[in-house]
file start.csv (CSV, C-alpha atoms and all ligand atoms)
chain,number,residue,atom,x,y,z
Z,1,MET,CA,17.1,3.4,-12.1
Z,2,TRP,CA,17.5,6.0,-14.8
Z,3,LYS,CA,14.4,4.7,-16.6
Z,4,SER,CA,12.4,5.1,-13.4
Z,5,LEU,CA,13.7,8.6,-12.9
Z,6,PHE,CA,12.7,9.4,-16.4
Z,7,ASN,CA,9.2,8.0,-15.7
Z,8,ALA,CA,8.9,10.1,-12.5
Z,9,PHE,CA,9.5,13.3,-14.4
Z,10,THR,CA,7.4,12.4,-17.5
Z,11,GLY,CA,4.2,11.2,-16.0
Z,12,LYS,CA,4.8,7.5,-16.4
Z,13,PRO,CA,4.3,5.0,-13.5
Z,14,THR,CA,7.1,4.0,-11.2
Z,15,LEU,CA,5.0,2.1,-8.6
Z,16,CYS,CA,3.3,-1.2,-9.3
Z,17,VAL,CA,0.8,-2.7,-6.8
Z,18,TYR,CA,0.9,-6.5,-7.3
Z,19,ASP,CA,-2.0,-8.5,-5.8
Z,20,VAL,CA,0.0,-11.7,-5.7
Z,21,THR,CA,-3.1,-13.7,-4.5
Z,22,THR,CA,-6.7,-12.8,-3.6
Z,23,ARG,CA,-6.6,-15.5,-0.8
Z,24,CYS,CA,-6.6,-14.2,2.7
Z,25,ASN,CA,-6.6,-15.4,6.3
Z,26,SER,CA,-8.6,-12.3,7.5
Z,27,ARG,CA,-12.1,-11.2,6.8
Z,28,CYS,CA,-11.8,-7.4,7.1
Z,29,ALA,CA,-15.1,-5.5,7.0
Z,30,MET,CA,-13.6,-2.8,4.8
Z,31,CYS,CA,-12.2,-5.1,2.1
Z,32,SER,CA,-13.8,-7.2,-0.7
Z,33,ILE,CA,-10.6,-8.9,-2.0
Z,34,TRP,CA,-10.8,-11.9,0.2
Z,35,LYS,CA,-14.2,-12.8,-1.3
Z,36,ARG,CA,-12.7,-13.2,-4.8
Z,37,ARG,CA,-11.2,-16.3,-6.2
Z,38,GLU,CA,-8.8,-15.5,-9.0
Z,39,LYS,CA,-6.1,-17.6,-10.7
Z,40,GLU,CA,-2.5,-17.0,-9.8
Z,41,MET,CA,0.4,-16.6,-12.2
Z,42,SER,CA,3.0,-19.3,-12.6
Z,43,LEU,CA,6.6,-18.3,-11.6
Z,44,LYS,CA,7.5,-18.3,-15.3
Z,45,ASP,CA,4.7,-15.8,-16.0
Z,46,VAL,CA,5.8,-13.7,-13.0
Z,47,GLU,CA,9.3,-13.6,-14.5
Z,48,LYS,CA,8.0,-12.5,-17.9
Z,49,VAL,CA,5.6,-9.8,-16.7
Z,50,PHE,CA,8.1,-8.2,-14.3
Z,51,ASN,CA,10.9,-8.4,-16.7
Z,52,ASP,CA,8.8,-6.2,-19.1
Z,53,LEU,CA,7.8,-3.9,-16.2
Z,54,LYS,CA,11.5,-3.4,-15.3
Z,55,LYS,CA,12.2,-2.3,-18.8
Z,56,PHE,CA,9.1,-0.1,-18.6
Z,57,GLY,CA,10.6,1.8,-15.6
Z,58,ILE,CA,8.8,0.4,-12.6
Z,59,HIS,CA,10.9,1.0,-9.5
Z,60,THR,CA,8.9,-0.2,-6.5
Z,61,ILE,CA,6.5,-3.1,-6.0
Z,62,PHE,CA,3.8,-3.1,-3.3
Z,63,LEU,CA,3.4,-6.9,-2.9
Z,64,GLN,CA,-0.1,-7.3,-1.4
Z,65,GLY,CA,-3.3,-9.1,-2.1
Z,66,GLY,CA,-5.1,-10.8,-0.4
Z,67,ASP,CA,-2.4,-11.6,2.0
Z,68,PRO,CA,0.9,-12.3,0.3
Z,69,LEU,CA,2.1,-14.6,3.1
Z,70,VAL,CA,-0.7,-17.1,2.5
Z,71,LYS,CA,0.9,-17.9,-0.8
Z,72,LYS,CA,3.5,-20.7,-0.4
Z,73,GLU,CA,5.5,-19.6,-3.4
Z,74,VAL,CA,5.7,-16.0,-2.3
Z,75,PHE,CA,9.4,-16.3,-1.4
Z,76,ASP,CA,10.1,-17.5,-5.0
Z,77,VAL,CA,8.1,-14.5,-6.3
Z,78,ILE,CA,10.1,-12.2,-4.0
Z,79,LYS,CA,13.4,-13.7,-5.2
Z,80,ILE,CA,12.4,-13.0,-8.8
Z,81,LEU,CA,11.6,-9.4,-8.0
Z,82,ASP,CA,14.8,-9.0,-6.0
Z,83,ASP,CA,16.9,-10.5,-8.9
Z,84,LEU,CA,15.2,-8.0,-11.2
Z,85,LYS,CA,16.3,-5.2,-8.8
Z,86,PHE,CA,13.0,-3.9,-7.7
Z,87,ASP,CA,12.4,-2.3,-4.3
Z,88,VAL,CA,9.7,-4.5,-2.8
Z,89,ASN,CA,7.4,-3.6,0.1
Z,90,VAL,CA,5.6,-6.7,1.4
Z,91,ILE,CA,2.2,-5.5,2.8
Z,92,THR,CA,0.7,-8.1,5.1
Z,93,ASN,CA,-1.9,-8.4,8.0
Z,94,GLY,CA,1.1,-9.9,9.9
Z,95,ILE,CA,-0.7,-13.1,11.0
Z,96,LEU,CA,1.9,-15.3,9.3
Z,97,LEU,CA,4.9,-13.1,9.9
Z,98,SER,CA,6.6,-15.6,12.2
Z,99,GLU,CA,10.3,-15.5,13.0
Z,100,LYS,CA,10.7,-18.3,10.4
Z,101,THR,CA,9.0,-16.1,7.8
Z,102,LEU,CA,11.1,-13.1,8.7
Z,103,GLU,CA,14.2,-15.3,8.2
Z,104,LYS,CA,13.0,-16.4,4.8
Z,105,LEU,CA,12.3,-12.8,3.8
Z,106,ASP,CA,15.7,-11.8,5.0
Z,107,MET,CA,17.3,-14.6,2.9
Z,108,ALA,CA,15.6,-13.1,-0.2
Z,109,ASN,CA,16.7,-9.6,0.7
Z,110,THR,CA,20.1,-9.6,-1.0
Z,111,ARG,CA,20.2,-5.8,-1.7
Z,112,GLY,CA,18.5,-4.5,1.4
Z,113,LYS,CA,15.6,-3.3,-0.7
Z,114,ILE,CA,12.8,-5.5,0.7
Z,115,THR,CA,10.7,-3.9,3.4
Z,116,VAL,CA,7.7,-5.2,5.4
Z,117,THR,CA,4.6,-3.2,6.3
Z,118,VAL,CA,2.2,-4.8,8.8
Z,119,SER,CA,-1.4,-3.5,8.9
Z,120,LEU,CA,-2.6,-2.8,12.4
Z,121,ASP,CA,-5.5,-0.4,13.1
Z,122,THR,CA,-5.9,-0.7,16.8
Z,123,LEU,CA,-4.4,-1.7,20.2
Z,124,ASP,CA,-7.8,-3.0,21.4
Z,125,ARG,CA,-8.4,-6.7,20.9
Z,126,LYS,CA,-12.2,-6.3,20.4
Z,127,VAL,CA,-11.9,-3.5,17.9
Z,128,TYR,CA,-9.3,-5.6,16.0
Z,129,LYS,CA,-11.8,-8.4,15.7
Z,130,ARG,CA,-14.5,-6.0,14.6
Z,131,ILE,CA,-12.4,-4.5,11.9
Z,132,ARG,CA,-10.4,-7.5,10.8
Z,133,GLY,CA,-13.1,-10.2,11.3
Z,134,VAL,CA,-10.6,-12.6,13.0
Z,135,ASP,CA,-9.3,-13.0,16.5
Z,136,LYS,CA,-5.6,-12.6,15.8
Z,137,PHE,CA,-4.6,-9.5,17.7
Z,138,ASP,CA,-2.1,-11.2,20.0
Z,139,ILE,CA,-0.2,-13.0,17.3
Z,140,VAL,CA,0.0,-9.9,15.1
Z,141,ILE,CA,1.4,-7.9,18.1
Z,142,LYS,CA,4.0,-10.7,18.8
Z,143,ASN,CA,5.0,-10.7,15.1
Z,144,ILE,CA,5.3,-6.9,14.9
Z,145,LYS,CA,7.6,-7.0,17.9
Z,146,ALA,CA,9.7,-9.8,16.2
Z,147,LEU,CA,9.9,-7.6,13.1
Z,148,SER,CA,11.1,-4.7,15.2
Z,149,LYS,CA,13.9,-6.8,16.7
Z,150,HIS,CA,15.0,-8.3,13.4
Z,151,LYS,CA,18.5,-7.2,12.4
Z,152,GLY,CA,18.2,-7.4,8.7
Z,153,LEU,CA,14.7,-6.3,7.7
Z,154,LYS,CA,13.3,-2.8,7.8
Z,155,GLY,CA,9.6,-2.5,8.5
Z,156,GLY,CA,6.6,-0.4,9.4
Z,157,VAL,CA,3.0,-0.5,10.6
Z,158,HIS,CA,0.1,1.0,8.6
Z,159,ALA,CA,-3.3,1.8,10.0
Z,160,THR,CA,-6.6,2.4,8.3
Z,161,ILE,CA,-8.7,5.0,10.1
Z,162,THR,CA,-12.4,4.2,10.6
Z,163,SER,CA,-15.1,5.7,12.8
Z,164,ILE,CA,-14.2,3.2,15.6
Z,165,ASN,CA,-10.4,3.6,15.8
Z,166,TYR,CA,-9.5,7.2,14.7
Z,167,LYS,CA,-8.9,8.3,18.3
Z,168,GLU,CA,-6.2,5.6,18.6
Z,169,MET,CA,-3.8,7.1,16.1
Z,170,GLU,CA,-1.6,8.9,18.6
Z,171,LYS,CA,-1.4,5.8,20.8
Z,172,LEU,CA,-0.6,3.6,17.9
Z,173,HIS,CA,2.0,6.0,16.7
Z,174,GLU,CA,3.7,5.9,20.2
Z,175,PHE,CA,3.5,2.1,20.3
Z,176,VAL,CA,5.0,1.6,16.9
Z,177,HIS,CA,7.6,4.4,17.2
Z,178,GLY,CA,8.6,3.0,20.6
Z,179,LEU,CA,9.5,-0.3,18.8
Z,180,GLY,CA,11.7,1.7,16.4
Z,181,LEU,CA,9.4,1.1,13.5
Z,182,CYS,CA,7.7,3.7,11.2
Z,183,PHE,CA,4.0,4.4,11.4
Z,184,THR,CA,1.7,5.5,8.6
Z,185,PHE,CA,-2.0,5.7,8.2
Z,186,ASN,CA,-4.8,6.7,5.8
Z,187,SER,CA,-8.6,6.9,5.9
Z,188,TYR,CA,-11.1,4.1,5.1
Z,189,ASN,CA,-12.4,4.2,1.5
Z,190,ASP,CA,-15.7,2.8,0.7
Z,191,ASN,CA,-16.5,4.6,-2.5
Z,192,ARG,CA,-16.3,1.9,-5.2
Z,193,ASN,CA,-16.4,-1.4,-3.4
Z,194,TYR,CA,-14.3,-3.3,-5.9
Z,195,ALA,CA,-11.3,-3.8,-3.6
Z,196,SER,CA,-13.0,-2.0,-0.7
Z,197,ALA,CA,-16.2,-3.0,1.0
Z,198,SER,CA,-18.9,-0.8,2.5
Z,199,ASP,CA,-19.6,-1.0,6.2
Z,200,LYS,CA,-21.6,2.0,7.3
Z,201,LYS,CA,-20.6,1.6,10.9
Z,202,LEU,CA,-17.0,2.1,10.1
Z,203,ASP,CA,-17.5,4.9,7.7
Z,204,LEU,CA,-16.0,8.3,8.6
Z,205,PRO,CA,-18.3,11.3,8.5
Z,206,LYS,CA,-17.9,13.3,5.3
Z,207,LYS,CA,-17.9,17.1,5.1
Z,208,GLY,CA,-19.8,17.7,8.4
Z,209,ASN,CA,-18.7,16.3,11.7
Z,210,ILE,CA,-15.2,15.5,10.6
Z,211,GLU,CA,-13.2,18.0,12.5
Z,212,ASP,CA,-12.1,15.8,15.4
Z,213,VAL,CA,-11.0,13.1,13.0
Z,214,ILE,CA,-9.0,15.7,11.1
Z,215,ALA,CA,-7.5,17.1,14.3
Z,216,GLU,CA,-6.2,13.6,15.2
Z,217,MET,CA,-4.8,13.1,11.7
Z,218,GLU,CA,-3.0,16.4,11.6
Z,219,LYS,CA,-1.6,15.9,15.1
Z,220,VAL,CA,-0.1,12.5,14.3
Z,221,GLY,CA,0.6,13.2,10.6
Z,222,ASN,CA,2.9,16.1,11.6
Z,223,LYS,CA,4.9,13.8,14.0
Z,224,ILE,CA,5.7,11.2,11.4
Z,225,SER,CA,7.5,12.9,8.6
Z,226,PRO,CA,7.2,15.8,6.1
Z,227,LEU,CA,6.4,13.2,3.4
Z,228,HIS,CA,3.6,11.6,5.3
Z,229,SER,CA,2.3,15.0,6.4
Z,230,ALA,CA,2.0,16.0,2.7
Z,231,PHE,CA,0.1,12.8,2.0
Z,232,ILE,CA,-2.2,13.4,5.0
Z,233,LYS,CA,-3.0,17.0,3.8
Z,234,GLY,CA,-4.5,15.4,0.7
Z,235,ASN,CA,-6.3,12.8,2.8
Z,236,ILE,CA,-8.0,15.6,4.8
Z,237,LYS,CA,-9.1,17.3,1.6
Z,238,TYR,CA,-10.6,14.0,0.5
Z,239,LEU,CA,-12.5,13.7,3.8
Z,240,ARG,CA,-13.8,17.3,3.5
Z,241,GLY,CA,-15.1,16.5,0.0
Z,242,GLU,CA,-12.8,19.0,-1.7
Z,243,GLU,CA,-11.5,18.6,-5.2
Z,244,LEU,CA,-8.4,16.5,-5.3
Z,245,GLY,CA,-7.3,16.6,-9.0
Z,246,PRO,CA,-5.8,13.7,-10.8
Z,247,CYS,CA,-5.1,10.5,-8.9
Z,248,ASP,CA,-2.0,8.4,-9.5
Z,249,ALA,CA,-3.7,5.7,-11.7
Z,250,PHE,CA,-1.7,5.2,-14.9
Z,251,THR,CA,0.3,8.4,-14.1
Z,252,ASN,CA,2.4,7.3,-11.1
Z,253,SER,CA,1.1,3.8,-10.4
Z,254,ILE,CA,-0.4,0.7,-12.0
Z,255,ARG,CA,-1.9,-2.5,-10.5
Z,256,ILE,CA,-1.4,-6.1,-11.6
Z,257,ASP,CA,-3.9,-8.6,-10.5
Z,258,SER,CA,-3.0,-12.2,-9.4
Z,259,GLU,CA,-3.6,-13.5,-13.0
Z,260,GLY,CA,-1.2,-11.0,-14.5
Z,261,LYS,CA,-3.7,-8.5,-15.8
Z,262,LEU,CA,-3.1,-4.8,-15.7
Z,263,SER,CA,-5.5,-2.2,-14.3
Z,264,PRO,CA,-5.1,1.5,-13.4
Z,265,CYS,CA,-5.6,0.9,-9.7
Z,266,LEU,CA,-7.0,-1.5,-7.1
Z,267,GLU,CA,-10.6,-0.2,-7.5
Z,268,LEU,CA,-10.9,-0.6,-11.3
Z,269,PRO,CA,-11.1,-4.1,-12.9
Z,270,ALA,CA,-8.1,-5.5,-14.7
Z,271,PHE,CA,-8.4,-5.9,-18.4
Z,272,PHE,CA,-5.1,-6.2,-20.2
Z,273,ASP,CA,-3.2,-9.5,-20.0
Z,274,LEU,CA,0.5,-8.8,-19.5
Z,275,LYS,CA,1.3,-12.5,-19.8
Z,276,LYS,CA,0.5,-12.3,-23.5
Z,277,ILE,CA,1.6,-8.9,-24.4
Z,278,ASP,CA,4.4,-6.5,-23.6
Z,279,ILE,CA,3.4,-3.3,-21.8
Z,280,ASN,CA,6.3,-1.4,-23.5
Z,281,SER,CA,4.8,-1.7,-26.9
Z,282,GLU,CA,1.1,-1.2,-25.9
Z,283,TRP,CA,1.4,1.5,-23.2
Z,284,LYS,CA,0.4,4.5,-25.3
Z,285,ASP,CA,-2.8,2.8,-26.6
Z,286,VAL,CA,-3.8,1.4,-23.2
Z,287,LYS,CA,-3.3,4.8,-21.5
Z,288,LYS,CA,-5.3,6.6,-24.1
Z,289,LYS,CA,-8.1,4.1,-23.8
Z,290,MET,CA,-8.3,4.5,-20.0
Z,291,GLN,CA,-7.8,8.3,-19.8
Z,292,CYS,CA,-11.6,9.1,-19.8
Z,293,PRO,CA,-12.7,6.4,-17.3
Z,294,ILE,CA,-9.9,7.4,-14.9
Z,295,LYS,CA,-10.8,11.1,-15.2
Z,296,ARG,CA,-14.5,10.3,-14.6
Z,297,CYS,CA,-13.6,8.3,-11.6
Z,298,TYR,CA,-11.2,10.7,-9.8
Z,299,THR,CA,-13.7,13.6,-10.5
Z,300,LYS,CA,-16.9,11.8,-9.4
Z,301,THR,CA,-15.8,9.0,-7.0
Z,302,PRO,CA,-12.3,9.7,-5.9
Z,303,CYS,CA,-10.4,7.4,-3.5
Z,304,TYR,CA,-7.5,8.0,-1.2
Z,305,TYR,CA,-5.1,5.1,-0.7
Z,306,GLY,CA,-1.3,5.2,-0.2
Z,307,CYS,CA,-0.9,3.5,-3.6
Z,308,THR,CA,-3.3,5.8,-5.5
Z,309,ARG,CA,-2.3,9.1,-4.0
Z,310,GLY,CA,1.0,8.7,-2.2
Z,311,VAL,CA,3.4,9.3,-5.1
Z,312,GLY,CA,1.3,12.2,-6.5
Z,313,ALA,CA,1.1,13.8,-3.0
Z,314,VAL,CA,4.9,13.7,-2.6
Z,315,LYS,CA,5.7,14.8,-6.2
Z,316,GLY,CA,3.2,17.7,-5.9
Z,317,ASN,CA,5.3,19.0,-3.0
Z,318,LEU,CA,8.9,19.2,-4.3
Z,319,PRO,CA,10.5,21.2,-1.4
Z,320,THR,CA,8.9,18.8,1.1
Z,321,MET,CA,10.1,15.8,-1.0
Z,322,ILE,CA,13.7,17.1,-1.0
Z,323,ARG,CA,13.6,17.8,2.8
Z,324,GLY,CA,11.8,14.5,3.6
Z,325,LEU,CA,14.2,12.5,1.5
Z,326,SER,CA,17.3,14.1,3.0
Z,327,GLU,CA,15.9,13.5,6.5
Z,328,ALA,CA,15.2,9.9,5.7
Z,329,THR,CA,18.7,9.5,4.3
Z,330,VAL,CA,20.2,11.0,7.4
Z,331,GLN,CA,18.1,8.7,9.6
Z,332,GLU,CA,19.0,5.7,7.7
Z,333,PHE,CA,22.7,6.7,7.8
Z,334,PHE,CA,22.8,7.1,11.5
Z,335,GLY,CA,20.6,4.1,12.1
Z,336,LYS,CA,18.0,6.0,14.1
Z,337,GLY,CA,14.9,5.1,12.1
Z,338,LYS,CA,13.9,1.7,10.7
Z,339,PHE,CA,12.0,2.5,7.6
Z,340,ARG,CA,11.7,5.2,4.9
Z,401,LIG,C1,-5.9,-4.7,0.7
Z,401,LIG,S1,-4.7,-4.9,2.0
Z,401,LIG,C2,-3.6,-6.2,1.3
Z,401,LIG,C3,-2.5,-6.6,2.2
Z,401,LIG,C4,-2.7,-7.3,3.5
Z,401,LIG,N1,-3.7,-8.3,3.4
Z,401,LIG,C5,-3.0,-6.3,4.6
Z,401,LIG,O1,-4.2,-6.3,5.1
Z,401,LIG,O2,-2.1,-5.6,4.9
Z,401,LIG,C6,-3.6,-3.5,1.9
Z,401,LIG,C7,-4.0,-2.3,2.8
Z,401,LIG,O3,-5.2,-1.8,2.5
Z,401,LIG,C8,-6.0,-1.5,3.6
Z,401,LIG,N2,-7.4,-1.5,3.3
Z,401,LIG,C9,-8.2,-2.5,3.1
Z,401,LIG,N3,-9.4,-2.0,2.8
Z,401,LIG,C10,-9.4,-0.7,2.8
Z,401,LIG,C11,-10.3,0.3,2.6
Z,401,LIG,N4,-11.6,0.1,2.3
Z,401,LIG,N5,-9.9,1.6,2.7
Z,401,LIG,C12,-8.6,1.9,3.0
Z,401,LIG,N6,-7.7,1.0,3.2
Z,401,LIG,C13,-8.1,-0.3,3.1
Z,401,LIG,C14,-5.6,-2.6,4.6
Z,401,LIG,O4,-5.8,-2.3,5.9
Z,401,LIG,C15,-4.1,-2.7,4.3
Z,401,LIG,O5,-3.3,-1.9,5.1
Z,402,LIG,S1,-7.5,-5.9,4.1
Z,402,LIG,FE1,-5.8,-7.4,3.8
Z,402,LIG,S2,-6.1,-8.7,5.6
Z,402,LIG,FE2,-8.0,-7.6,5.4
Z,402,LIG,S3,-9.3,-9.0,4.2
Z,402,LIG,FE3,-8.3,-7.5,2.8
Z,402,LIG,S4,-6.6,-8.5,2.0
Z,402,LIG,FE4,-7.2,-9.6,3.9
Z,403,LIG,S1,-9.8,7.9,-8.1
Z,403,LIG,FE1,-8.2,7.0,-9.4
Z,403,LIG,S2,-7.1,5.5,-8.2
Z,403,LIG,FE2,-9.1,6.0,-7.1
Z,403,LIG,S3,-10.5,4.5,-7.9
Z,403,LIG,FE3,-10.7,6.2,-9.2
Z,403,LIG,S4,-9.3,5.8,-10.9
Z,403,LIG,FE4,-8.7,4.4,-9.2
call {"tool": "encode", "arguments": {"input": "start.csv", "output": "structure tokens"}}
result
Amino acid sequence: MWKSLFNAFTGKPTLCVYDVTTRCNSRCAMCSIWKRREKEMSLKDVEKVFNDLKKFGIHTIFLQGGDPLVKKEVFDVIKILDDLKFDVNVITNGILLSEKTLEKLDMANTRGKITVTVSLDTLDRKVYKRIRGVDKFDIVIKNIKALSKHKGLKGGVHATITSINYKEMEKLHEFVHGLGLCFTFNSYNDNRNYASASDKKLDLPKKGNIEDVIAEMEKVGNKISPLHSAFIKGNIKYLRGEELGPCDAFTNSIRIDSEGKLSPCLELPAFFDLKKIDINSEWKDVKKKMQCPIKRCYTKTPCYYGCTRGVGAVKGNLPTMIRGLSEATVQEFFGKGKFR
């Protein structure tokens, strides 16, 4: 806890995106990860790598992939992370989030620090299939409703805005909020195509005819929370092609691939095997080595994901952060909201 706070104020990462597997049961048009076949760490290696990361000061893990729930051992991985006292957000397409899975997640949730985010971009079955590449809309809606009724687990829904679903954000917000869950969103990135994939028909217009997309984002962003609103302000700058400044890579967040290798973010390849070395002794050298490529990237081909801009956007707006955190605490305290 104190180490993470120290990191937060000294420009060291507190968030780790862990792609636990590259395997996936969806075929999203905007994503390349499912096309990759990468090895996965043994549970012993997971324990070693995350033990080191705990000492390093990582506080929160975004457990994603691929889809984390296609990995049979994911509950063992979550148990290791929970035992090490990380906050864990399981980010899933929701296809395998059955009541049985919710129970297993709840069993692992010994400290109330495991949350679930389901990706849902639309309330239209056809649009769902177009974006996600599979016909699983009904099962995902059923599972989101089960999550909303679950007594132990907190959860939310996250949407990716593309040219074919941006008008649905208000409707999605109402649906998700009506279930008592939290709703968040950000725009489609197709700049580097390492984790992302390019699909011109889903691309949002840049600079020019973007105002109606922005109007929808502002309208819904303001309804969610001051923290999300701060994040969306940056997302709008990104869409307008304005300069964003440094991203979170290696300052606020890191990414670990399924093999246990470290990379600055989900769009840059992993290169540093944390199974073999300890991040704590190597960090200064690694950061120095990557400083220029990261700077080149955020200046020339920036991205805007929750995991690559979220912490920075919130930290860059201290009064909003304090207000947002106190509102979130009050909400949690009175049990009115179910996430963040
Ligand atoms: C890469 S997925 C991994 C977790 C899980 N499979 C899922 O879909 O939720 C994490 C999040 O990134 C989003 N995403 C995928 N490709 C994207 C892109 N090109 N731009 C923005 N977000 C994207 C997904 O919709 C999802 O919400
Ligand atoms: S976005 Fe998630 S669900 Fe879609 S293909 Fe990528 S990893 Fe799978
Ligand atoms: S802008 Fe930063 S987070 Fe985004 S791809 Fe480039 S280095 Fe990674």
call {"tool": "atom_distance", "arguments": {"input": "start.csv", "atom1": "atom FE2 of ligand LIG 403 (chain Z)", "atom2": "CA of Leu81 in chain Z"}}
result
25.8 Å
call {"tool": "residues_around", "arguments": {"input": "start.csv", "residues": "range 247-254 of chain Z", "least_positions_apart": "4", "cutoff": "6 Å", "atoms": "all atoms listed in the file", "output": "NGL selection string"}}
result
:Z and (11-16 or 264-265 or 308-309 or 312)
call {"tool": "closest_residue", "arguments": {"input": "start.csv", "among": "Z:Ile279, Z:Ala195, Z:Ile61, Z:Cys28", "to": "ligand LIG 403 (chain Z)", "atoms": "all atoms listed in the file"}}
result
Z:Ala195
call {"tool": "atom_distance", "arguments": {"input": "start.csv", "atom1": "CA of Asp203 in chain Z", "atom2": "CA of Cys303 in chain Z"}}
result
13.5 Å
call {"tool": "residues_near_point", "arguments": {"input": "start.csv", "point": "(17.9, -7.7, 3.2)", "cutoff": "10 Å", "atoms": "only C-alpha atoms", "output": "ChimeraX atom specification"}}
result
/Z:82,103,105-115,151-154
call {"tool": "residues_near_ligand", "arguments": {"input": "start.csv", "ligand": "ligand LIG 403 (chain Z)", "cutoff": "12 Å", "atoms": "all atoms listed in the file", "output": "compact mmCIF listing (two decimals) with C-alpha atoms, in the coordinates of the input"}}
result
# COMPACT_ATOMS: atom_id res chain seq x y z
CA VAL Z 17 0.80 -2.70 -6.80
CA ASN Z 189 -12.40 4.20 1.50
CA ASP Z 190 -15.70 2.80 0.70
CA ASN Z 191 -16.50 4.60 -2.50
CA ARG Z 192 -16.30 1.90 -5.20
CA ASN Z 193 -16.40 -1.40 -3.40
CA TYR Z 194 -14.30 -3.30 -5.90
CA ALA Z 195 -11.30 -3.80 -3.60
CA SER Z 196 -13.00 -2.00 -0.70
CA TYR Z 238 -10.60 14.00 0.50
CA GLU Z 243 -11.50 18.60 -5.20
CA LEU Z 244 -8.40 16.50 -5.30
CA GLY Z 245 -7.30 16.60 -9.00
CA PRO Z 246 -5.80 13.70 -10.80
CA CYS Z 247 -5.10 10.50 -8.90
CA ASP Z 248 -2.00 8.40 -9.50
CA ALA Z 249 -3.70 5.70 -11.70
CA PHE Z 250 -1.70 5.20 -14.90
CA THR Z 251 0.30 8.40 -14.10
CA ASN Z 252 2.40 7.30 -11.10
CA SER Z 253 1.10 3.80 -10.40
CA ILE Z 254 -0.40 0.70 -12.00
CA ARG Z 255 -1.90 -2.50 -10.50
CA SER Z 263 -5.50 -2.20 -14.30
CA PRO Z 264 -5.10 1.50 -13.40
CA CYS Z 265 -5.60 0.90 -9.70
CA LEU Z 266 -7.00 -1.50 -7.10
CA GLU Z 267 -10.60 -0.20 -7.50
CA LEU Z 268 -10.90 -0.60 -11.30
CA PRO Z 269 -11.10 -4.10 -12.90
CA ALA Z 270 -8.10 -5.50 -14.70
CA MET Z 290 -8.30 4.50 -20.00
CA GLN Z 291 -7.80 8.30 -19.80
CA CYS Z 292 -11.60 9.10 -19.80
CA PRO Z 293 -12.70 6.40 -17.30
CA ILE Z 294 -9.90 7.40 -14.90
CA LYS Z 295 -10.80 11.10 -15.20
CA ARG Z 296 -14.50 10.30 -14.60
CA CYS Z 297 -13.60 8.30 -11.60
CA TYR Z 298 -11.20 10.70 -9.80
CA THR Z 299 -13.70 13.60 -10.50
CA LYS Z 300 -16.90 11.80 -9.40
CA THR Z 301 -15.80 9.00 -7.00
CA PRO Z 302 -12.30 9.70 -5.90
CA CYS Z 303 -10.40 7.40 -3.50
CA TYR Z 304 -7.50 8.00 -1.20
CA TYR Z 305 -5.10 5.10 -0.70
CA GLY Z 306 -1.30 5.20 -0.20
CA CYS Z 307 -0.90 3.50 -3.60
CA THR Z 308 -3.30 5.80 -5.50
CA ARG Z 309 -2.30 9.10 -4.00
CA GLY Z 310 1.00 8.70 -2.20
CA VAL Z 311 3.40 9.30 -5.10
CA GLY Z 312 1.30 12.20 -6.50
call {"tool": "closest_residue", "arguments": {"input": "start.csv", "among": "Z:Thr10, Z:Thr162, Z:Thr21, Z:Asn235", "to": "ligand LIG 402 (chain Z)", "atoms": "only C-alpha atoms and all ligand atoms"}}
result
Z:Thr21
call {"tool": "atom_distance", "arguments": {"input": "start.csv", "atom1": "CA of Asn7 in chain Z", "atom2": "CA of Val49 in chain Z"}}
result
18.2 Å
call {"tool": "residues_near_ligand", "arguments": {"input": "start.csv", "ligand": "ligand LIG 401 (chain Z)", "cutoff": "8 Å", "atoms": "all atoms listed in the file", "output": "tab-separated table (two decimals) with C-alpha atoms, in the frame of the given file"}}
result
chain	number	residue	atom	x	y	z
Z	19	ASP	CA	-2.00	-8.50	-5.80
Z	24	CYS	CA	-6.60	-14.20	2.70
Z	26	SER	CA	-8.60	-12.30	7.50
Z	28	CYS	CA	-11.80	-7.40	7.10
Z	29	ALA	CA	-15.10	-5.50	7.00
Z	30	MET	CA	-13.60	-2.80	4.80
Z	31	CYS	CA	-12.20	-5.10	2.10
Z	32	SER	CA	-13.80	-7.20	-0.70
Z	33	ILE	CA	-10.60	-8.90	-2.00
Z	63	LEU	CA	3.40	-6.90	-2.90
Z	64	GLN	CA	-0.10	-7.30	-1.40
Z	65	GLY	CA	-3.30	-9.10	-2.10
Z	66	GLY	CA	-5.10	-10.80	-0.40
Z	67	ASP	CA	-2.40	-11.60	2.00
Z	68	PRO	CA	0.90	-12.30	0.30
Z	91	ILE	CA	2.20	-5.50	2.80
Z	92	THR	CA	0.70	-8.10	5.10
Z	93	ASN	CA	-1.90	-8.40	8.00
Z	94	GLY	CA	1.10	-9.90	9.90
Z	117	THR	CA	4.60	-3.20	6.30
Z	118	VAL	CA	2.20	-4.80	8.80
Z	119	SER	CA	-1.40	-3.50	8.90
Z	120	LEU	CA	-2.60	-2.80	12.40
Z	121	ASP	CA	-5.50	-0.40	13.10
Z	158	HIS	CA	0.10	1.00	8.60
Z	159	ALA	CA	-3.30	1.80	10.00
Z	160	THR	CA	-6.60	2.40	8.30
Z	161	ILE	CA	-8.70	5.00	10.10
Z	186	ASN	CA	-4.80	6.70	5.80
Z	187	SER	CA	-8.60	6.90	5.90
Z	188	TYR	CA	-11.10	4.10	5.10
Z	189	ASN	CA	-12.40	4.20	1.50
Z	190	ASP	CA	-15.70	2.80	0.70
Z	193	ASN	CA	-16.40	-1.40	-3.40
Z	195	ALA	CA	-11.30	-3.80	-3.60
Z	196	SER	CA	-13.00	-2.00	-0.70
Z	197	ALA	CA	-16.20	-3.00	1.00
Z	198	SER	CA	-18.90	-0.80	2.50
Z	304	TYR	CA	-7.50	8.00	-1.20
Z	305	TYR	CA	-5.10	5.10	-0.70
